[in-house]
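Enquirer: This one is model.csv, CSV, C-alpha atoms (C1' of nucleotides).
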```csv
chain,number,residue,atom,x,y,z
A,21,MET,CA,-8.4,0.3,12.6
A,22,GLN,CA,-9.7,-3.3,12.3
A,23,VAL,CA,-12.4,-2.3,9.9
A,24,VAL,CA,-10.1,0.0,7.9
A,25,ALA,CA,-7.6,-2.9,7.5
A,26,GLU,CA,-10.4,-5.2,6.3
A,27,LYS,CA,-12.3,-2.8,4.0
A,28,GLY,CA,-10.0,0.1,3.3
A,29,PHE,CA,-10.4,3.7,4.6
A,30,ASP,CA,-13.3,4.7,2.2
A,31,GLU,CA,-15.1,1.4,2.3
A,32,ALA,CA,-15.0,1.4,6.1
A,33,SER,CA,-18.3,3.2,6.8
A,34,LEU,CA,-18.7,5.1,10.1
A,35,LYS,CA,-21.7,2.9,10.8
A,36,GLU,CA,-19.6,-0.3,10.7
A,37,ILE,CA,-16.7,1.3,12.6
A,38,ALA,CA,-19.1,2.5,15.3
A,39,GLU,CA,-20.9,-0.8,15.6
A,40,THR,CA,-17.7,-2.8,15.6
A,41,ALA,CA,-16.6,-0.7,18.6
A,42,GLY,CA,-20.1,-1.3,20.2
A,43,PHE,CA,-21.4,2.2,19.6
A,44,THR,CA,-23.5,4.2,17.2
A,45,ILE,CA,-22.6,6.9,14.7
A,46,GLY,CA,-23.8,9.6,17.1
A,47,ALA,CA,-21.4,8.4,19.8
A,48,VAL,CA,-18.5,8.7,17.4
A,49,TYR,CA,-19.3,12.2,16.4
A,50,SER,CA,-19.5,13.3,20.1
A,51,ASN,CA,-15.8,12.3,20.4
A,52,PHE,CA,-14.4,13.1,17.0
A,53,ALA,CA,-15.0,16.0,14.7
A,54,SER,CA,-15.0,14.0,11.4
A,55,LYS,CA,-14.0,10.7,9.9
A,56,ASP,CA,-10.5,12.1,9.1
A,57,ASP,CA,-10.2,13.3,12.6
A,58,LEU,CA,-11.0,9.9,13.9
A,59,PHE,CA,-8.5,8.2,11.7
A,60,THR,CA,-5.6,10.6,12.4
A,61,ASP,CA,-6.3,10.4,16.1
A,62,LEU,CA,-6.2,6.6,16.0
A,63,LEU,CA,-3.1,6.9,13.8
A,64,ALA,CA,-1.3,8.9,16.4
A,65,GLU,CA,-2.0,6.4,19.2
A,66,ARG,CA,-0.7,3.6,17.1
A,67,SER,CA,3.1,3.5,17.5
A,68,ASN,CA,4.8,0.6,15.9
A,69,PRO,CA,6.0,-1.7,18.7
A,70,LYS,CA,7.3,-4.5,16.5
A,71,HIS,CA,10.6,-3.0,15.5
A,72,VAL,CA,11.3,-2.0,19.0
A,73,GLU,CA,11.0,-5.6,19.9
A,74,ALA,CA,13.5,-6.6,17.3
A,75,ALA,CA,15.8,-3.8,18.3
A,76,ALA,CA,15.7,-5.1,21.9
A,77,ILE,CA,16.9,-8.5,20.8
A,78,LEU,CA,19.5,-7.0,18.6
A,79,ALA,CA,20.7,-4.9,21.5
A,80,HIS,CA,20.9,-7.8,23.9
A,81,PRO,CA,24.7,-8.3,24.5
A,82,ASP,CA,24.4,-12.0,25.0
A,83,ALA,CA,22.5,-12.6,21.7
A,84,SER,CA,24.4,-14.7,19.2
A,85,ALA,CA,24.2,-14.1,15.5
A,86,ASN,CA,21.8,-17.0,15.2
A,87,ASP,CA,19.6,-15.5,17.9
A,88,VAL,CA,19.4,-12.3,15.9
A,89,ARG,CA,18.5,-14.1,12.7
A,90,ALA,CA,15.8,-16.1,14.4
A,91,ALA,CA,14.4,-13.0,16.0
A,92,LEU,CA,14.2,-11.3,12.6
A,93,ASP,CA,12.4,-14.3,11.1
A,94,ARG,CA,9.9,-14.4,14.0
A,95,LEU,CA,9.3,-10.7,13.5
A,96,LEU,CA,8.3,-11.3,9.9
A,97,VAL,CA,6.2,-14.4,10.4
A,98,ASP,CA,4.3,-12.8,13.3
A,99,ALA,CA,3.6,-9.7,11.3
A,100,ALA,CA,2.6,-11.3,8.0
A,101,ASP,CA,0.8,-14.4,9.3
A,102,GLN,CA,-0.5,-14.0,12.8
A,103,GLU,CA,-1.4,-10.3,12.6
A,104,SER,CA,-2.7,-10.5,9.1
A,105,ASP,CA,-4.1,-7.0,9.4
A,106,LEU,CA,-0.7,-5.4,9.7
A,107,GLY,CA,0.2,-5.3,6.0
A,108,PRO,CA,-3.0,-3.9,4.7
A,109,LEU,CA,-3.2,-1.4,7.6
A,110,GLN,CA,0.3,-0.1,6.9
A,111,ALA,CA,-0.5,0.2,3.3
A,112,GLU,CA,-3.7,2.2,4.1
A,113,ILE,CA,-1.8,4.5,6.4
A,114,TRP,CA,1.0,5.0,3.9
A,115,LEU,CA,-1.5,5.9,1.2
A,116,TYR,CA,-3.5,8.1,3.5
A,117,ALA,CA,-0.4,10.0,4.7
A,118,ILE,CA,1.4,10.5,1.4
A,119,ARG,CA,-1.7,12.2,0.0
A,120,ARG,CA,-1.9,14.7,2.8
A,121,PRO,CA,1.1,17.0,2.9
A,122,GLU,CA,0.7,17.7,6.6
A,123,LEU,CA,0.8,14.0,7.5
A,124,GLN,CA,3.7,13.1,5.1
A,125,GLN,CA,6.2,14.7,7.4
A,126,ARG,CA,4.9,12.8,10.3
A,127,LEU,CA,5.2,9.6,8.4
A,128,ALA,CA,8.7,10.3,7.4
A,129,ASP,CA,9.6,11.2,11.0
A,130,GLN,CA,8.1,7.8,12.1
A,131,PHE,CA,10.3,6.0,9.6
A,132,ARG,CA,13.3,8.0,10.8
A,133,ASP,CA,12.6,7.2,14.5
A,134,ARG,CA,12.3,3.5,13.8
A,135,ARG,CA,15.5,3.5,11.9
A,136,GLU,CA,17.2,5.4,14.7
A,137,SER,CA,16.3,2.8,17.3
A,138,LEU,CA,17.4,0.1,14.9
A,139,ILE,CA,20.8,1.8,14.5
A,140,GLU,CA,21.2,2.2,18.2
A,141,SER,CA,20.5,-1.5,18.8
A,142,MET,CA,22.9,-2.6,16.2
A,143,ALA,CA,25.6,-0.2,17.2
A,144,PHE,CA,25.7,-1.9,20.6
A,145,ARG,CA,26.5,-5.1,18.9
A,146,THR,CA,29.0,-3.9,16.3
A,147,GLN,CA,31.0,-1.5,18.3
A,148,GLY,CA,34.7,-1.8,17.5
A,149,ASN,CA,33.9,-3.0,14.0
A,150,GLU,CA,34.6,0.0,12.0
A,151,ALA,CA,33.7,-1.5,8.7
A,152,VAL,CA,30.1,-2.1,9.7
A,153,THR,CA,29.7,0.9,11.9
A,154,ALA,CA,30.2,3.3,9.0
A,155,ASP,CA,27.4,1.6,7.0
A,156,LEU,CA,25.0,1.2,10.0
A,157,SER,CA,22.5,3.7,8.8
A,158,ASP,CA,22.4,2.3,5.3
A,159,LEU,CA,22.0,-1.2,6.7
A,160,ALA,CA,19.1,-0.2,8.9
A,161,THR,CA,17.4,1.4,5.9
A,162,VAL,CA,17.8,-1.7,3.9
A,163,LEU,CA,16.5,-3.9,6.7
A,164,MET,CA,13.4,-1.7,7.1
A,165,ALA,CA,12.7,-1.6,3.4
A,166,LEU,CA,13.2,-5.3,3.1
A,167,TYR,CA,10.7,-5.9,6.0
A,168,GLN,CA,8.0,-3.9,4.3
A,169,GLY,CA,8.6,-5.7,1.0
A,170,PHE,CA,8.6,-9.1,2.5
A,171,VAL,CA,5.3,-8.5,4.4
A,172,GLN,CA,3.6,-7.5,1.1
A,173,LEU,CA,5.0,-10.4,-0.9
A,174,ARG,CA,4.1,-12.8,1.8
A,175,ARG,CA,0.6,-11.5,2.0
A,176,ALA,CA,0.1,-12.2,-1.7
A,177,ASP,CA,1.4,-15.7,-1.3
A,178,PRO,CA,3.4,-17.0,1.7
A,179,SER,CA,5.3,-19.4,-0.4
A,180,LEU,CA,6.9,-16.5,-2.2
A,181,VAL,CA,9.0,-15.8,0.9
A,182,PRO,CA,10.7,-19.0,2.1
A,183,PRO,CA,10.9,-19.3,5.9
A,184,GLY,CA,14.1,-17.9,7.3
A,185,LEU,CA,14.8,-15.7,4.3
A,186,TYR,CA,14.7,-12.5,6.3
A,187,GLY,CA,17.4,-13.8,8.7
A,188,THR,CA,19.4,-15.1,5.8
A,189,ALA,CA,19.3,-11.8,3.9
A,190,ALA,CA,20.4,-10.0,7.1
A,191,HIS,CA,23.3,-12.5,7.3
A,192,TRP,CA,24.3,-11.9,3.7
A,193,LEU,CA,24.2,-8.1,4.1
A,194,PHE,CA,26.3,-8.2,7.2
A,195,ASN,CA,28.9,-10.5,5.6
A,196,GLY,CA,28.7,-8.5,2.4
A,197,ILE,CA,29.6,-5.3,4.2
A,198,LEU,CA,32.5,-7.0,5.9
A,199,SER,CA,33.9,-8.4,2.7
A,200,SER,CA,33.2,-5.2,0.7
A,201,SER,CA,35.1,-2.9,3.2
A,202,GLY,CA,38.4,-4.3,2.1
A,203,GLY,CA,38.1,-3.7,-1.7
A,204,GLU,CA,36.3,-1.1,-3.7
A,205,ARG,CA,32.8,-0.1,-2.7
B,143,MET,CA,-5.1,4.5,-13.4
B,144,GLN,CA,-3.8,8.0,-13.1
B,145,VAL,CA,-6.9,9.1,-11.2
B,146,VAL,CA,-6.8,6.0,-9.0
B,147,ALA,CA,-3.1,6.7,-8.2
B,148,GLU,CA,-3.9,10.3,-7.1
B,149,LYS,CA,-7.1,9.8,-5.2
B,150,GLY,CA,-7.4,6.1,-4.4
B,151,PHE,CA,-9.8,3.6,-5.8
B,152,ASP,CA,-12.9,4.7,-3.9
B,153,GLU,CA,-12.2,8.4,-4.1
B,154,ALA,CA,-11.7,8.1,-7.8
B,155,SER,CA,-15.2,8.7,-9.1
B,156,LEU,CA,-16.3,7.5,-12.4
B,157,LYS,CA,-17.1,11.0,-13.4
B,158,GLU,CA,-13.5,12.2,-12.9
B,159,ILE,CA,-12.1,9.0,-14.4
B,160,ALA,CA,-14.3,9.5,-17.5
B,161,GLU,CA,-13.5,13.2,-17.9
B,162,THR,CA,-9.8,12.7,-17.4
B,163,ALA,CA,-10.0,10.2,-20.3
B,164,GLY,CA,-12.0,12.8,-22.3
B,165,PHE,CA,-15.4,10.9,-22.1
B,166,THR,CA,-18.5,10.9,-20.0
B,167,ILE,CA,-19.9,8.3,-17.6
B,168,GLY,CA,-22.2,6.9,-20.2
B,169,ALA,CA,-19.3,6.2,-22.5
B,170,VAL,CA,-17.5,4.2,-19.7
B,171,TYR,CA,-20.5,2.1,-19.1
B,172,SER,CA,-20.9,1.2,-22.7
B,173,ASN,CA,-17.4,-0.3,-22.5
B,174,PHE,CA,-17.3,-1.7,-19.0
B,175,ALA,CA,-19.9,-3.5,-16.9
B,176,SER,CA,-19.0,-1.8,-13.6
B,177,LYS,CA,-16.3,0.1,-11.9
B,178,ASP,CA,-14.7,-3.1,-10.7
B,179,ASP,CA,-14.8,-4.4,-14.2
B,180,LEU,CA,-13.0,-1.3,-15.5
B,181,PHE,CA,-10.3,-1.6,-12.8
B,182,THR,CA,-9.6,-5.2,-13.3
B,183,ASP,CA,-9.5,-4.8,-17.1
B,184,LEU,CA,-7.0,-2.0,-16.8
B,185,LEU,CA,-5.1,-4.0,-14.3
B,186,ALA,CA,-4.7,-6.9,-16.7
B,187,GLU,CA,-3.4,-4.5,-19.4
B,188,ARG,CA,-0.8,-3.1,-17.1
B,189,SER,CA,2.1,-5.5,-17.1
B,190,ASN,CA,5.2,-4.2,-15.2
B,191,PRO,CA,7.8,-3.3,-17.8
B,192,LYS,CA,10.3,-1.9,-15.3
B,193,HIS,CA,11.8,-5.1,-14.0
B,194,VAL,CA,12.1,-6.5,-17.5
B,195,GLU,CA,14.2,-3.5,-18.3
B,196,ALA,CA,16.5,-4.2,-15.3
B,197,ALA,CA,16.6,-7.9,-16.2
B,198,ALA,CA,17.7,-6.9,-19.7
B,199,ILE,CA,20.7,-5.0,-18.3
B,200,LEU,CA,21.5,-7.8,-15.9
B,201,ALA,CA,21.4,-10.2,-18.7
B,202,HIS,CA,23.8,-8.3,-21.0
B,203,PRO,CA,27.0,-10.3,-21.2
B,204,ASP,CA,29.2,-7.2,-21.5
B,205,ALA,CA,27.7,-5.4,-18.5
B,206,SER,CA,30.2,-4.9,-15.6
B,207,ALA,CA,29.3,-5.2,-12.0
B,208,ASN,CA,29.2,-1.4,-11.9
B,209,ASP,CA,26.8,-1.2,-14.8
B,210,VAL,CA,24.5,-3.5,-12.9
B,211,ARG,CA,24.6,-1.4,-9.8
B,212,ALA,CA,24.0,1.8,-11.8
B,213,ALA,CA,21.1,0.1,-13.6
B,214,LEU,CA,19.4,-0.9,-10.3
B,215,ASP,CA,19.8,2.6,-9.0
B,216,ARG,CA,18.4,4.2,-12.1
B,217,LEU,CA,15.5,1.8,-11.9
B,218,LEU,CA,14.7,2.9,-8.4
B,219,VAL,CA,15.1,6.6,-9.0
B,220,ASP,CA,13.0,6.5,-12.1
B,221,ALA,CA,10.2,4.7,-10.4
B,222,ALA,CA,10.1,6.7,-7.1
B,223,ASP,CA,10.8,10.1,-8.5
B,224,GLN,CA,9.9,10.5,-12.1
B,225,GLU,CA,6.9,8.2,-12.2
B,226,SER,CA,5.6,9.4,-8.8
B,227,ASP,CA,2.4,7.5,-9.4
B,228,LEU,CA,4.0,4.1,-9.4
B,229,GLY,CA,4.2,3.7,-5.6
B,230,PRO,CA,0.7,4.7,-4.8
B,231,LEU,CA,-0.7,2.8,-7.8
B,232,GLN,CA,1.1,-0.4,-6.8
B,233,ALA,CA,-0.2,-0.1,-3.2
B,234,GLU,CA,-3.8,0.4,-4.5
B,235,ILE,CA,-3.5,-2.6,-6.7
B,236,TRP,CA,-2.0,-4.7,-3.9
B,237,LEU,CA,-4.8,-3.7,-1.5
B,238,TYR,CA,-7.4,-4.3,-4.1
B,239,ALA,CA,-6.1,-7.7,-5.0
B,240,ILE,CA,-5.5,-9.2,-1.5
B,241,ARG,CA,-9.0,-8.4,-0.6
B,242,ARG,CA,-10.4,-10.3,-3.6
B,243,PRO,CA,-9.6,-14.0,-3.4
B,244,GLU,CA,-10.0,-14.5,-7.2
B,245,LEU,CA,-7.4,-11.7,-7.8
B,246,GLN,CA,-4.9,-12.7,-5.1
B,247,GLN,CA,-3.7,-15.7,-7.1
B,248,ARG,CA,-3.2,-13.5,-10.2
B,249,LEU,CA,-1.2,-11.1,-8.0
B,250,ALA,CA,1.0,-13.9,-6.7
B,251,ASP,CA,1.5,-15.2,-10.2
B,252,GLN,CA,2.6,-11.7,-11.3
B,253,PHE,CA,5.2,-11.6,-8.6
B,254,ARG,CA,6.3,-15.1,-9.5
B,255,ASP,CA,6.7,-14.2,-13.1
B,256,ARG,CA,8.8,-11.1,-12.4
B,257,ARG,CA,11.0,-13.1,-10.1
B,258,GLU,CA,11.4,-15.7,-12.7
B,259,SER,CA,12.6,-13.2,-15.3
B,260,LEU,CA,15.0,-11.7,-12.8
B,261,ILE,CA,16.4,-15.2,-12.0
B,262,GLU,CA,17.0,-16.0,-15.7
B,263,SER,CA,18.8,-12.7,-16.2
B,264,MET,CA,21.0,-13.2,-13.3
B,265,ALA,CA,21.7,-16.8,-14.1
B,266,PHE,CA,23.2,-15.7,-17.3
B,267,ARG,CA,25.7,-13.6,-15.4
B,268,THR,CA,26.5,-16.1,-12.6
B,269,GLN,CA,26.8,-19.3,-14.5
B,270,GLY,CA,29.7,-21.3,-13.3
B,271,ASN,CA,29.5,-19.7,-9.8
B,272,GLU,CA,27.8,-22.5,-7.9
B,273,ALA,CA,27.7,-20.6,-4.6
B,274,VAL,CA,25.5,-17.9,-6.0
B,275,THR,CA,23.5,-20.1,-8.4
B,276,ALA,CA,22.1,-22.1,-5.5
B,277,ASP,CA,20.7,-19.0,-3.9
B,278,LEU,CA,19.5,-17.2,-7.0
B,279,SER,CA,15.8,-17.5,-6.3
B,280,ASP,CA,16.3,-16.2,-2.8
B,281,LEU,CA,18.4,-13.3,-4.0
B,282,ALA,CA,15.8,-12.4,-6.6
B,283,THR,CA,13.1,-12.4,-3.9
B,284,VAL,CA,15.2,-10.2,-1.7
B,285,LEU,CA,15.8,-7.7,-4.6
B,286,MET,CA,12.1,-7.5,-5.4
B,287,ALA,CA,11.1,-7.0,-1.8
B,288,LEU,CA,13.8,-4.4,-1.3
B,289,TYR,CA,12.6,-2.5,-4.4
B,290,GLN,CA,9.1,-2.3,-3.1
B,291,GLY,CA,10.2,-1.1,0.3
B,292,PHE,CA,12.6,1.5,-1.1
B,293,VAL,CA,9.9,3.0,-3.3
B,294,GLN,CA,7.6,3.4,-0.3
B,295,LEU,CA,10.3,4.8,2.0
B,296,ARG,CA,11.5,7.2,-0.8
B,297,ARG,CA,8.0,8.4,-1.4
B,298,ALA,CA,7.6,9.4,2.2
B,299,ASP,CA,10.9,11.2,2.2
B,300,PRO,CA,13.5,10.9,-0.6
B,301,SER,CA,16.3,11.6,1.9
B,302,LEU,CA,15.5,8.4,3.7
B,303,VAL,CA,17.0,6.4,0.9
B,304,PRO,CA,20.5,7.7,-0.1
B,305,PRO,CA,21.2,7.7,-3.8
B,306,GLY,CA,23.0,4.5,-4.8
B,307,LEU,CA,21.8,2.5,-1.9
B,308,TYR,CA,19.8,0.0,-4.0
B,309,GLY,CA,23.0,-0.8,-6.0
B,310,THR,CA,25.1,-0.9,-2.8
B,311,ALA,CA,22.7,-3.3,-1.1
B,312,ALA,CA,22.7,-5.6,-4.2
B,313,HIS,CA,26.5,-5.5,-4.0
B,314,TRP,CA,26.5,-6.4,-0.3
B,315,LEU,CA,24.1,-9.3,-0.9
B,316,PHE,CA,26.1,-10.7,-3.7
B,317,ASN,CA,29.4,-10.5,-1.7
B,318,GLY,CA,27.6,-11.8,1.3
B,319,ILE,CA,26.4,-14.9,-0.5
B,320,LEU,CA,30.0,-15.5,-1.8
B,321,SER,CA,31.5,-15.2,1.7
B,322,SER,CA,28.8,-17.2,3.4
B,323,SER,CA,29.0,-20.2,1.1
B,324,GLY,CA,32.4,-21.2,2.6
B,325,GLY,CA,31.4,-21.2,6.2
B,326,GLU,CA,28.1,-22.0,8.0
B,327,ARG,CA,25.0,-20.5,6.5
C,218,DG,C1',-20.7,4.3,-29.3
C,219,DT,C1',-21.4,8.4,-26.9
C,220,DC,C1',-24.3,11.6,-25.0
C,221,DT,C1',-27.9,13.8,-21.3
C,222,DA,C1',-30.9,13.0,-17.6
C,223,DT,C1',-32.3,10.5,-13.9
C,224,DA,C1',-33.0,6.7,-10.6
C,225,DA,C1',-31.9,4.4,-6.2
C,226,DG,C1',-29.2,4.2,-2.5
C,227,DA,C1',-25.3,5.0,0.7
C,228,DC,C1',-22.5,8.1,2.9
C,229,DG,C1',-20.7,11.7,6.2
C,230,DA,C1',-22.4,14.8,9.3
C,231,DT,C1',-26.1,17.3,12.3
C,232,DA,C1',-30.1,18.2,15.5
C,233,DG,C1',-32.4,17.4,19.4
C,234,DA,C1',-34.4,14.0,23.0
C,235,DC,C1',-32.8,11.7,27.1
D,239,DG,C1',-22.1,11.2,26.4
D,240,DT,C1',-25.0,8.3,23.7
D,241,DC,C1',-29.0,7.7,21.3
D,242,DT,C1',-32.6,8.0,17.1
D,243,DA,C1',-34.0,10.4,13.2
D,244,DT,C1',-33.1,13.1,9.4
D,245,DC,C1',-30.7,16.3,6.0
D,246,DG,C1',-28.1,17.2,1.9
D,247,DT,C1',-24.8,15.4,-1.1
D,248,DC,C1',-22.4,12.4,-3.9
D,249,DT,C1',-22.1,7.9,-5.9
D,250,DT,C1',-22.7,3.9,-9.0
D,251,DA,C1',-25.4,2.5,-12.5
D,252,DT,C1',-29.3,2.8,-16.0
D,253,DA,C1',-32.7,4.5,-19.8
D,254,DG,C1',-33.3,6.4,-23.9
D,255,DA,C1',-32.3,10.1,-27.5
D,256,DC,C1',-29.0,10.8,-31.2
```
Spell out the structure here as structure tokens.
Expert:
Amino acid sequence: MQVVAEKGFDEASLKEIAETAGFTIGAVYSNFASKDDLFTDLLAERSNPKHVEAAAILAHPDASANDVRAALDRLLVDAADQESDLGPLQAEIWLYAIRRPELQQRLADQFRDRRESLIESMAFRTQGNEAVTADLSDLATVLMALYQGFVQLRRADPSLVPPGLYGTAAHWLFNGILSSSGGER
Amino acid sequence: MQVVAEKGFDEASLKEIAETAGFTIGAVYSNFASKDDLFTDLLAERSNPKHVEAAAILAHPDASANDVRAALDRLLVDAADQESDLGPLQAEIWLYAIRRPELQQRLADQFRDRRESLIESMAFRTQGNEAVTADLSDLATVLMALYQGFVQLRRADPSLVPPGLYGTAAHWLFNGILSSSGGER
DNA sequence: GTCTATAAGACGATAGAC
DNA sequence: GTCTATCGTCTTATAGAC
């Protein structure tokens, strides 16, 4: 995955992948049937733990609104800056999956699962607030899409995405839902 | 660009690229020095007209809030569904550019230009509204990131992004900014 | 400017020794 | 289960005729 993130799937030769892992090509082929098989296997192992983290914070009953905003920002900065591989890797996986019909469904399911855990976490914090509850699924979708977009913008140039903007945007969305529920939608 | 979108940069062989264009490999090499040269040249020609379109609608003084929401949704649906190449192509370009330091700056500039035209369009509609004007740049950044994320989610599975959600999200953000400007931010 | 033919090399994948 | 050595194929890029 490290080599694929750096070079791209096709430019990542099995020789380099094997040697990065401390093996030779032969060793790889005794464990995997093909390069595609290797990639799809590693893909299955790789569940996305980041959004679960955020969901855990969102779900924490003592967390204040500011805690949530700070958690979202930390999530973004960690992903885009510290783990600088994450953006390219996700793009590679996305491209790989949408071009293979049998994987496209799995990718969609993955997105759906992440959204579901986000919804559950947020539901815990917004129960009793009907206005927000009704739009919870849409809000989760927006937060996920925004995260993806921010990671890519930030990778092109960190100064494009001011620090704290992810949390601020979430704040705007939340308030926007509240103030929209009264009038027309 | 069509072949690159379908197969990916590496899997798009010069033979297929040439034949798709109705030429042979030799003809390509009499016009371009290398495959990278071909791609970067085509990359430069390809300016993104879509956001300009949206900006034009946003800038129209007679446009109602509903017109703007409808325009944003049309923008998304057109991009993700009709031009189904756009998502993969943008991902390919992004990956290609962030891996080449000399292109990364050009990519960042492109993002900055698009944001600038979005800001100008919106400024025309929000003049006099200080609360929104102050956050215009951030709002534009959020709308751009959201657009990118939506296109990718929708390509994995259209039902992940309900119709109208882009416009709704923009509506929430706008209202959120208005209601946030009074209290703490 | 575009073609055909070809060069040089890298790649994924396999065979067989250990 | 991992190694070395090798096979066939495909690729980018070039040379030279037209």
Enquirer: Could you name the residues that touch DC248 of chain D at 12 Å or less, counting all atoms listed in the file, but leaving out those on the same chain fewer than 5 positions away, as a VMD selection string?
Expert: (chain B and resid 153 155 to 157) or (chain C and resid 226 to 229)
Enquirer: Considering only C-alpha atoms (C1' of nucleotides), extract the chain D residues located within 12 Å of chain B and return them as a list in words.
Expert: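 Written out as asked, the residues are DC248, DT249, DT250, DA251, DT252, DA253 and DG254 of chain D.
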Enquirer: Just give me the gap between atom CA of Arg297 of chain B and atom CA of Ser226 of chain B in Å, one decimal is fine.
Expert: 7.8 Å
Enquirer: At what distance in Å, to one decimal, does atom CA of Ile159 of chain B lie from atom CA of Gln252 of chain B?
Expert: 25.6 Å
Enquirer: At what distance in Å, to one decimal, does atom CA of Glu36 of chain A lie from atom CA of Val23 of chain A?
Expert: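 Distance reported for this atom pair: 7.5 Å.
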